[in-house]
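**Q** target02.txt is reproduced below (compact mmCIF, N, CA and C atoms).
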```txt
# COMPACT_ATOMS: atom_id res chain seq x y z
N MET V 254 31.94 -7.05 -12.82
CA MET V 254 31.04 -6.89 -11.68
C MET V 254 29.60 -7.22 -12.10
N ASP V 255 28.89 -7.94 -11.27
CA ASP V 255 27.50 -8.29 -11.53
C ASP V 255 26.64 -7.04 -11.40
N ASP V 256 25.91 -6.70 -12.47
CA ASP V 256 25.10 -5.49 -12.44
C ASP V 256 23.88 -5.63 -11.53
N HIS V 257 23.63 -6.80 -10.96
CA HIS V 257 22.51 -7.01 -10.04
C HIS V 257 22.96 -7.00 -8.59
N ALA V 258 24.25 -6.75 -8.35
CA ALA V 258 24.77 -6.81 -6.98
C ALA V 258 24.34 -5.60 -6.15
N ASP V 259 24.09 -4.46 -6.79
CA ASP V 259 23.72 -3.26 -6.06
C ASP V 259 22.25 -3.33 -5.68
N THR V 260 21.96 -3.52 -4.40
CA THR V 260 20.57 -3.64 -3.95
C THR V 260 20.09 -2.36 -3.26
N SER V 261 20.87 -1.28 -3.39
CA SER V 261 20.42 -0.02 -2.79
C SER V 261 19.16 0.44 -3.50
N ARG V 262 18.37 1.24 -2.82
CA ARG V 262 17.08 1.66 -3.36
C ARG V 262 17.22 3.01 -4.04
N THR V 263 16.46 3.20 -5.09
CA THR V 263 16.42 4.48 -5.80
C THR V 263 14.98 4.73 -6.21
N SER V 264 14.69 5.94 -6.59
CA SER V 264 13.31 6.25 -6.95
C SER V 264 13.22 6.59 -8.44
N ILE V 265 12.01 6.45 -8.98
CA ILE V 265 11.72 6.86 -10.35
C ILE V 265 10.45 7.69 -10.31
N LYS V 266 10.21 8.43 -11.35
CA LYS V 266 8.97 9.20 -11.46
C LYS V 266 8.27 8.80 -12.73
N ALA V 267 6.98 8.77 -12.68
CA ALA V 267 6.18 8.45 -13.85
C ALA V 267 5.01 9.43 -13.91
N TYR V 268 4.63 9.80 -15.10
CA TYR V 268 3.50 10.69 -15.29
C TYR V 268 2.40 9.91 -16.00
N LEU V 269 1.21 9.95 -15.44
CA LEU V 269 0.09 9.22 -16.01
C LEU V 269 -1.18 10.01 -15.76
N PRO V 270 -2.23 9.70 -16.48
CA PRO V 270 -3.50 10.42 -16.26
C PRO V 270 -4.01 10.22 -14.83
N ALA V 271 -4.65 11.25 -14.31
CA ALA V 271 -5.15 11.22 -12.93
C ALA V 271 -6.09 10.04 -12.70
N TYR V 272 -6.97 9.75 -13.68
CA TYR V 272 -7.90 8.64 -13.50
C TYR V 272 -7.16 7.32 -13.32
N GLN V 273 -6.04 7.17 -14.04
CA GLN V 273 -5.28 5.92 -13.93
C GLN V 273 -4.62 5.82 -12.56
N LYS V 274 -4.08 6.93 -12.07
CA LYS V 274 -3.47 6.92 -10.73
C LYS V 274 -4.51 6.55 -9.68
N GLU V 275 -5.72 7.07 -9.81
CA GLU V 275 -6.79 6.74 -8.85
C GLU V 275 -7.14 5.26 -8.91
N ARG V 276 -7.20 4.69 -10.11
CA ARG V 276 -7.48 3.25 -10.24
C ARG V 276 -6.37 2.43 -9.59
N TRP V 277 -5.12 2.82 -9.86
CA TRP V 277 -4.00 2.09 -9.27
C TRP V 277 -4.01 2.22 -7.76
N LYS V 278 -4.33 3.40 -7.26
CA LYS V 278 -4.36 3.60 -5.81
C LYS V 278 -5.44 2.72 -5.18
N ALA V 279 -6.62 2.68 -5.80
CA ALA V 279 -7.71 1.84 -5.28
C ALA V 279 -7.31 0.37 -5.29
N HIS V 280 -6.65 -0.07 -6.36
CA HIS V 280 -6.22 -1.45 -6.44
C HIS V 280 -5.15 -1.74 -5.38
N ALA V 281 -4.20 -0.81 -5.23
CA ALA V 281 -3.16 -0.97 -4.20
C ALA V 281 -3.78 -1.06 -2.82
N ASP V 282 -4.75 -0.19 -2.54
CA ASP V 282 -5.42 -0.21 -1.23
C ASP V 282 -6.12 -1.54 -1.01
N ALA V 283 -6.76 -2.06 -2.05
CA ALA V 283 -7.46 -3.34 -1.93
C ALA V 283 -6.48 -4.47 -1.61
N LEU V 284 -5.24 -4.34 -2.10
CA LEU V 284 -4.21 -5.35 -1.84
C LEU V 284 -3.40 -5.04 -0.58
N GLU V 285 -3.80 -3.98 0.12
CA GLU V 285 -3.11 -3.53 1.33
C GLU V 285 -1.64 -3.23 1.04
N MET V 286 -1.40 -2.53 -0.06
CA MET V 286 -0.06 -2.10 -0.46
C MET V 286 -0.05 -0.59 -0.60
N ASN V 287 1.13 0.01 -0.47
CA ASN V 287 1.21 1.41 -0.83
C ASN V 287 1.43 1.48 -2.33
N GLN V 288 1.39 2.68 -2.89
CA GLN V 288 1.46 2.81 -4.34
C GLN V 288 2.80 2.35 -4.90
N SER V 289 3.89 2.61 -4.20
CA SER V 289 5.20 2.17 -4.69
C SER V 289 5.29 0.65 -4.75
N GLU V 290 4.83 -0.01 -3.69
CA GLU V 290 4.84 -1.48 -3.69
C GLU V 290 4.00 -2.02 -4.84
N PHE V 291 2.83 -1.42 -5.05
CA PHE V 291 1.93 -1.87 -6.09
C PHE V 291 2.57 -1.75 -7.47
N VAL V 292 3.12 -0.56 -7.77
CA VAL V 292 3.72 -0.35 -9.09
C VAL V 292 4.90 -1.28 -9.29
N ARG V 293 5.77 -1.40 -8.29
CA ARG V 293 6.95 -2.27 -8.39
C ARG V 293 6.51 -3.72 -8.63
N THR V 294 5.53 -4.19 -7.88
CA THR V 294 5.06 -5.56 -8.01
C THR V 294 4.41 -5.80 -9.36
N MET V 295 3.58 -4.87 -9.81
CA MET V 295 2.89 -5.04 -11.08
C MET V 295 3.86 -4.97 -12.26
N VAL V 296 4.85 -4.10 -12.18
CA VAL V 296 5.85 -4.04 -13.26
C VAL V 296 6.62 -5.35 -13.33
N GLN V 297 7.05 -5.84 -12.17
CA GLN V 297 7.79 -7.12 -12.15
C GLN V 297 6.91 -8.24 -12.71
N ALA V 298 5.65 -8.27 -12.32
CA ALA V 298 4.75 -9.32 -12.80
C ALA V 298 4.51 -9.18 -14.30
N GLY V 299 4.37 -7.95 -14.77
CA GLY V 299 4.13 -7.71 -16.18
C GLY V 299 5.31 -8.01 -17.08
N ARG V 300 6.50 -8.01 -16.52
CA ARG V 300 7.70 -8.26 -17.30
C ARG V 300 7.92 -9.75 -17.55
N LYS V 301 7.22 -10.60 -16.84
CA LYS V 301 7.37 -12.04 -17.04
C LYS V 301 7.08 -12.37 -18.50
N GLY V 302 7.93 -13.11 -19.13
CA GLY V 302 7.75 -13.48 -20.53
C GLY V 302 8.36 -12.48 -21.49
N PHE V 303 8.73 -11.29 -21.01
CA PHE V 303 9.35 -10.28 -21.85
C PHE V 303 10.80 -10.07 -21.48
N GLU V 304 11.26 -10.81 -20.48
CA GLU V 304 12.62 -10.60 -19.97
C GLU V 304 13.65 -11.18 -20.92
N PRO V 305 14.81 -10.52 -21.00
CA PRO V 305 15.90 -11.04 -21.84
C PRO V 305 16.46 -12.32 -21.26
N ALA V 306 17.44 -12.90 -21.95
CA ALA V 306 18.02 -14.17 -21.53
C ALA V 306 18.57 -14.12 -20.11
N HIS V 307 19.18 -13.01 -19.69
CA HIS V 307 19.65 -12.91 -18.31
C HIS V 307 18.54 -12.29 -17.48
N GLU V 308 18.11 -13.03 -16.47
CA GLU V 308 16.97 -12.63 -15.68
C GLU V 308 17.39 -11.71 -14.54
N GLU V 309 16.59 -10.67 -14.31
CA GLU V 309 16.80 -9.80 -13.17
C GLU V 309 16.27 -10.48 -11.93
N PRO V 310 16.96 -10.35 -10.80
CA PRO V 310 16.40 -10.90 -9.57
C PRO V 310 15.15 -10.13 -9.20
N ALA V 311 14.19 -10.80 -8.62
CA ALA V 311 12.96 -10.14 -8.19
C ALA V 311 13.28 -9.13 -7.10
N SER V 312 12.52 -8.06 -7.08
CA SER V 312 12.68 -7.06 -6.03
C SER V 312 12.50 -7.75 -4.68
N SER V 313 13.37 -7.45 -3.75
CA SER V 313 13.35 -8.17 -2.48
C SER V 313 12.08 -7.96 -1.69
N ASP V 314 11.35 -6.87 -1.98
CA ASP V 314 10.12 -6.66 -1.23
C ASP V 314 8.94 -6.47 -2.18
N ALA V 315 8.93 -7.23 -3.24
CA ALA V 315 7.85 -7.12 -4.21
C ALA V 315 6.66 -8.00 -3.85
N THR V 316 6.62 -8.47 -2.64
CA THR V 316 5.50 -9.31 -2.22
C THR V 316 4.44 -8.45 -1.56
N PRO V 317 3.18 -8.77 -1.78
CA PRO V 317 2.13 -8.03 -1.09
C PRO V 317 2.36 -8.06 0.41
N ARG V 318 2.07 -6.97 1.03
CA ARG V 318 2.25 -6.80 2.47
C ARG V 318 3.69 -6.99 2.91
N GLY V 319 4.63 -6.62 2.02
CA GLY V 319 6.04 -6.62 2.41
C GLY V 319 6.16 -5.68 3.59
N ASN V 320 7.25 -4.99 3.73
CA ASN V 320 7.36 -4.06 4.83
C ASN V 320 6.84 -2.71 4.39
N ALA V 321 5.52 -2.58 4.32
CA ALA V 321 4.88 -1.37 3.82
C ALA V 321 5.24 -0.15 4.65
N LEU V 322 5.34 -0.30 5.95
CA LEU V 322 5.68 0.84 6.80
C LEU V 322 7.09 1.33 6.51
N GLU V 323 8.02 0.40 6.37
CA GLU V 323 9.40 0.78 6.04
C GLU V 323 9.45 1.55 4.73
N THR V 324 8.76 1.03 3.72
CA THR V 324 8.73 1.68 2.42
C THR V 324 8.12 3.07 2.53
N GLN V 325 7.04 3.20 3.25
CA GLN V 325 6.37 4.49 3.41
C GLN V 325 7.29 5.49 4.11
N VAL V 326 7.99 5.07 5.15
CA VAL V 326 8.89 5.96 5.87
C VAL V 326 10.04 6.41 4.96
N LEU V 327 10.61 5.46 4.21
CA LEU V 327 11.69 5.82 3.30
C LEU V 327 11.23 6.80 2.24
N GLU V 328 10.02 6.61 1.71
CA GLU V 328 9.48 7.53 0.71
C GLU V 328 9.28 8.92 1.29
N LEU V 329 8.77 9.00 2.50
CA LEU V 329 8.59 10.30 3.14
C LEU V 329 9.93 11.00 3.32
N LEU V 330 10.93 10.25 3.80
CA LEU V 330 12.22 10.84 4.10
C LEU V 330 13.02 11.22 2.85
N GLU V 331 12.63 10.65 1.68
CA GLU V 331 13.27 11.06 0.44
C GLU V 331 12.95 12.51 0.11
N SER V 332 11.80 13.00 0.56
CA SER V 332 11.35 14.33 0.19
C SER V 332 11.69 15.41 1.21
N ASP V 333 11.94 15.03 2.46
CA ASP V 333 12.13 16.04 3.50
C ASP V 333 12.65 15.38 4.78
N THR V 334 12.89 16.21 5.78
CA THR V 334 13.25 15.75 7.12
C THR V 334 12.01 15.83 7.98
N PHE V 335 11.76 14.78 8.76
CA PHE V 335 10.56 14.71 9.59
C PHE V 335 10.95 14.42 11.03
N SER V 336 10.22 15.00 11.97
CA SER V 336 10.39 14.64 13.38
C SER V 336 9.63 13.34 13.61
N TRP V 337 9.83 12.75 14.78
CA TRP V 337 9.09 11.55 15.17
C TRP V 337 7.58 11.81 15.07
N ASP V 338 7.13 12.92 15.65
CA ASP V 338 5.70 13.22 15.66
C ASP V 338 5.16 13.41 14.25
N GLU V 339 5.93 14.05 13.38
CA GLU V 339 5.47 14.25 12.00
C GLU V 339 5.38 12.92 11.25
N LEU V 340 6.37 12.04 11.46
CA LEU V 340 6.32 10.72 10.82
C LEU V 340 5.13 9.92 11.36
N LEU V 341 4.92 9.96 12.65
CA LEU V 341 3.80 9.24 13.26
C LEU V 341 2.48 9.75 12.70
N GLU V 342 2.35 11.05 12.57
CA GLU V 342 1.12 11.62 12.02
C GLU V 342 0.93 11.19 10.56
N ALA V 343 1.99 11.20 9.77
CA ALA V 343 1.89 10.83 8.36
C ALA V 343 1.47 9.38 8.18
N VAL V 344 2.06 8.48 8.94
CA VAL V 344 1.70 7.06 8.77
C VAL V 344 0.38 6.73 9.46
N SER V 345 0.06 7.43 10.54
CA SER V 345 -1.20 7.18 11.24
C SER V 345 -2.39 7.61 10.40
N GLU V 346 -2.23 8.71 9.65
CA GLU V 346 -3.32 9.20 8.81
C GLU V 346 -3.73 8.14 7.80
N GLU V 347 -2.75 7.47 7.19
CA GLU V 347 -3.08 6.42 6.22
C GLU V 347 -3.78 5.25 6.90
N ILE V 348 -3.31 4.87 8.07
CA ILE V 348 -3.93 3.76 8.80
C ILE V 348 -5.37 4.12 9.17
N GLU V 349 -5.59 5.34 9.65
CA GLU V 349 -6.93 5.77 10.02
C GLU V 349 -7.86 5.75 8.80
N THR V 350 -7.34 6.21 7.67
CA THR V 350 -8.14 6.21 6.44
C THR V 350 -8.49 4.79 6.02
N ARG V 351 -7.50 3.90 6.06
CA ARG V 351 -7.74 2.51 5.68
C ARG V 351 -8.72 1.84 6.64
N LEU V 352 -8.61 2.12 7.94
CA LEU V 352 -9.52 1.55 8.92
C LEU V 352 -10.95 2.03 8.65
N GLU V 353 -11.11 3.32 8.42
CA GLU V 353 -12.44 3.86 8.15
C GLU V 353 -13.04 3.24 6.89
N GLU V 354 -12.24 3.13 5.82
CA GLU V 354 -12.73 2.52 4.58
C GLU V 354 -13.12 1.06 4.80
N THR V 355 -12.32 0.34 5.57
CA THR V 355 -12.60 -1.07 5.85
C THR V 355 -13.88 -1.21 6.67
N LEU V 356 -14.04 -0.37 7.68
CA LEU V 356 -15.27 -0.42 8.49
C LEU V 356 -16.49 -0.10 7.64
N ASP V 357 -16.37 0.90 6.75
CA ASP V 357 -17.49 1.23 5.85
C ASP V 357 -17.82 0.05 4.95
N GLU V 358 -16.80 -0.59 4.39
CA GLU V 358 -17.02 -1.74 3.51
C GLU V 358 -17.70 -2.88 4.26
N LEU V 359 -17.23 -3.16 5.47
CA LEU V 359 -17.82 -4.24 6.26
C LEU V 359 -19.26 -3.93 6.65
N GLN V 360 -19.55 -2.67 6.95
CA GLN V 360 -20.94 -2.30 7.27
C GLN V 360 -21.81 -2.39 6.03
N ASN V 361 -21.30 -1.92 4.89
CA ASN V 361 -22.07 -2.00 3.64
C ASN V 361 -22.34 -3.44 3.23
N ALA V 362 -21.44 -4.34 3.57
CA ALA V 362 -21.62 -5.76 3.28
C ALA V 362 -22.44 -6.46 4.37
N ASN V 363 -22.90 -5.70 5.36
CA ASN V 363 -23.69 -6.21 6.47
C ASN V 363 -22.96 -7.30 7.25
N ARG V 364 -21.64 -7.13 7.41
CA ARG V 364 -20.87 -8.09 8.20
C ARG V 364 -20.64 -7.58 9.61
N ILE V 365 -20.68 -6.25 9.78
CA ILE V 365 -20.56 -5.63 11.11
C ILE V 365 -21.55 -4.48 11.17
N HIS V 366 -21.83 -4.02 12.39
CA HIS V 366 -22.56 -2.77 12.55
C HIS V 366 -22.12 -2.12 13.85
N TYR V 367 -22.41 -0.82 13.93
CA TYR V 367 -22.04 -0.08 15.12
C TYR V 367 -23.19 -0.14 16.11
N SER V 368 -22.88 -0.51 17.34
CA SER V 368 -23.88 -0.60 18.39
C SER V 368 -23.48 0.30 19.55
N GLY V 369 -24.25 1.38 19.74
CA GLY V 369 -23.99 2.24 20.89
C GLY V 369 -24.18 1.50 22.20
N ARG V 370 -25.16 0.61 22.22
CA ARG V 370 -25.46 -0.17 23.41
C ARG V 370 -24.27 -1.06 23.80
N ASP V 371 -23.64 -1.68 22.78
CA ASP V 371 -22.49 -2.54 23.05
C ASP V 371 -21.17 -1.78 23.08
N GLY V 372 -21.24 -0.50 22.79
CA GLY V 372 -20.05 0.34 22.92
C GLY V 372 -19.09 0.28 21.74
N GLY V 373 -19.55 -0.13 20.57
CA GLY V 373 -18.65 -0.13 19.42
C GLY V 373 -19.14 -1.02 18.30
N TYR V 374 -18.22 -1.39 17.45
CA TYR V 374 -18.55 -2.23 16.30
C TYR V 374 -18.67 -3.69 16.74
N ILE V 375 -19.66 -4.38 16.20
CA ILE V 375 -19.86 -5.79 16.52
C ILE V 375 -20.16 -6.55 15.23
N LEU V 376 -19.90 -7.84 15.26
CA LEU V 376 -20.21 -8.71 14.13
C LEU V 376 -21.70 -8.89 14.02
N VAL V 377 -22.19 -8.91 12.79
CA VAL V 377 -23.60 -9.19 12.54
C VAL V 377 -23.79 -10.69 12.76
N GLY V 378 -24.83 -11.07 13.43
CA GLY V 378 -25.12 -12.49 13.65
C GLY V 378 -24.45 -13.06 14.88
N GLY V 379 -24.01 -12.22 15.78
CA GLY V 379 -23.50 -12.68 17.06
C GLY V 379 -22.15 -13.36 17.03
N GLY V 380 -21.28 -13.00 16.07
CA GLY V 380 -19.92 -13.52 16.12
C GLY V 380 -19.56 -14.49 15.03
N ASP V 381 -20.53 -14.99 14.28
CA ASP V 381 -20.17 -15.92 13.22
C ASP V 381 -20.14 -15.26 11.85
N GLY V 382 -20.32 -13.91 11.81
CA GLY V 382 -20.26 -13.17 10.56
C GLY V 382 -21.48 -13.32 9.70
N GLN V 383 -22.51 -14.00 10.17
CA GLN V 383 -23.73 -14.21 9.37
C GLN V 383 -24.83 -13.28 9.82
```
The structure given in the file should be rewritten as structure tokens.
**A**
Amino acid sequence: MDDHADTSRTSIKAYLPAYQKERWKAHADALEMNQSEFVRTMVQAGRKGFEPAHEEPASSDATPRGNALETQVLELLESDTFSWDELLEAVSEEIETRLEETLDELQNANRIHYSGRDGGYILVGGGDGQ
């Protein structure tokens, strides 16, 4: 039997210093990945050149912006049972956080600003981003 035929998902645990986890989380966020996608992708990328003669197939969702929502839902459900509302709240919180961080970054880079007069966020320079 081919040892690569089983494509079911399983989890692993790793222990690392808190500062390193924060760095990885920031990098994952910058790549718009969750932490599991980031670690899986980086491990696969880091193994290039160190692999034995028989190559492992690449993880089917090791691409940036794979199905991040699916992965996040599966990770949540590994730990507990959630209602629809609880799942929605869990995934919405991350989206809200990412949106706020992105808006802050864009404002700090002077690419957008908030205009009460215009009723929300607008591009700096009238739409051309300048």
**Q** Neighbours of V:Ala281 within 12 Å (only C-alpha atoms; same-chain residues fewer than 3 positions away dropped), as an NGL selection string?
**A** :V and (274-278 or 284-295 or 317-318 or 321 or 351)
**Q** Just how far from atom C of V:Asp282 is atom C of V:Glu349, in Å to one decimal?
**A**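 For atom C of V:Glu349 relative to atom C of V:Asp282, the distance reads 12.3 Å.
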**Q** Hey, can you check how far atom CA of V:Arg370 sits from atom CA of V:Leu356?
**A** 18.1 Å
**Q** Please report the interatomic distance between atom CA of V:Ala343 and atom CA of V:Leu359 in Å with one decimal.
**A**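 Rounded to one decimal, the two atoms are 24.9 Å apart.
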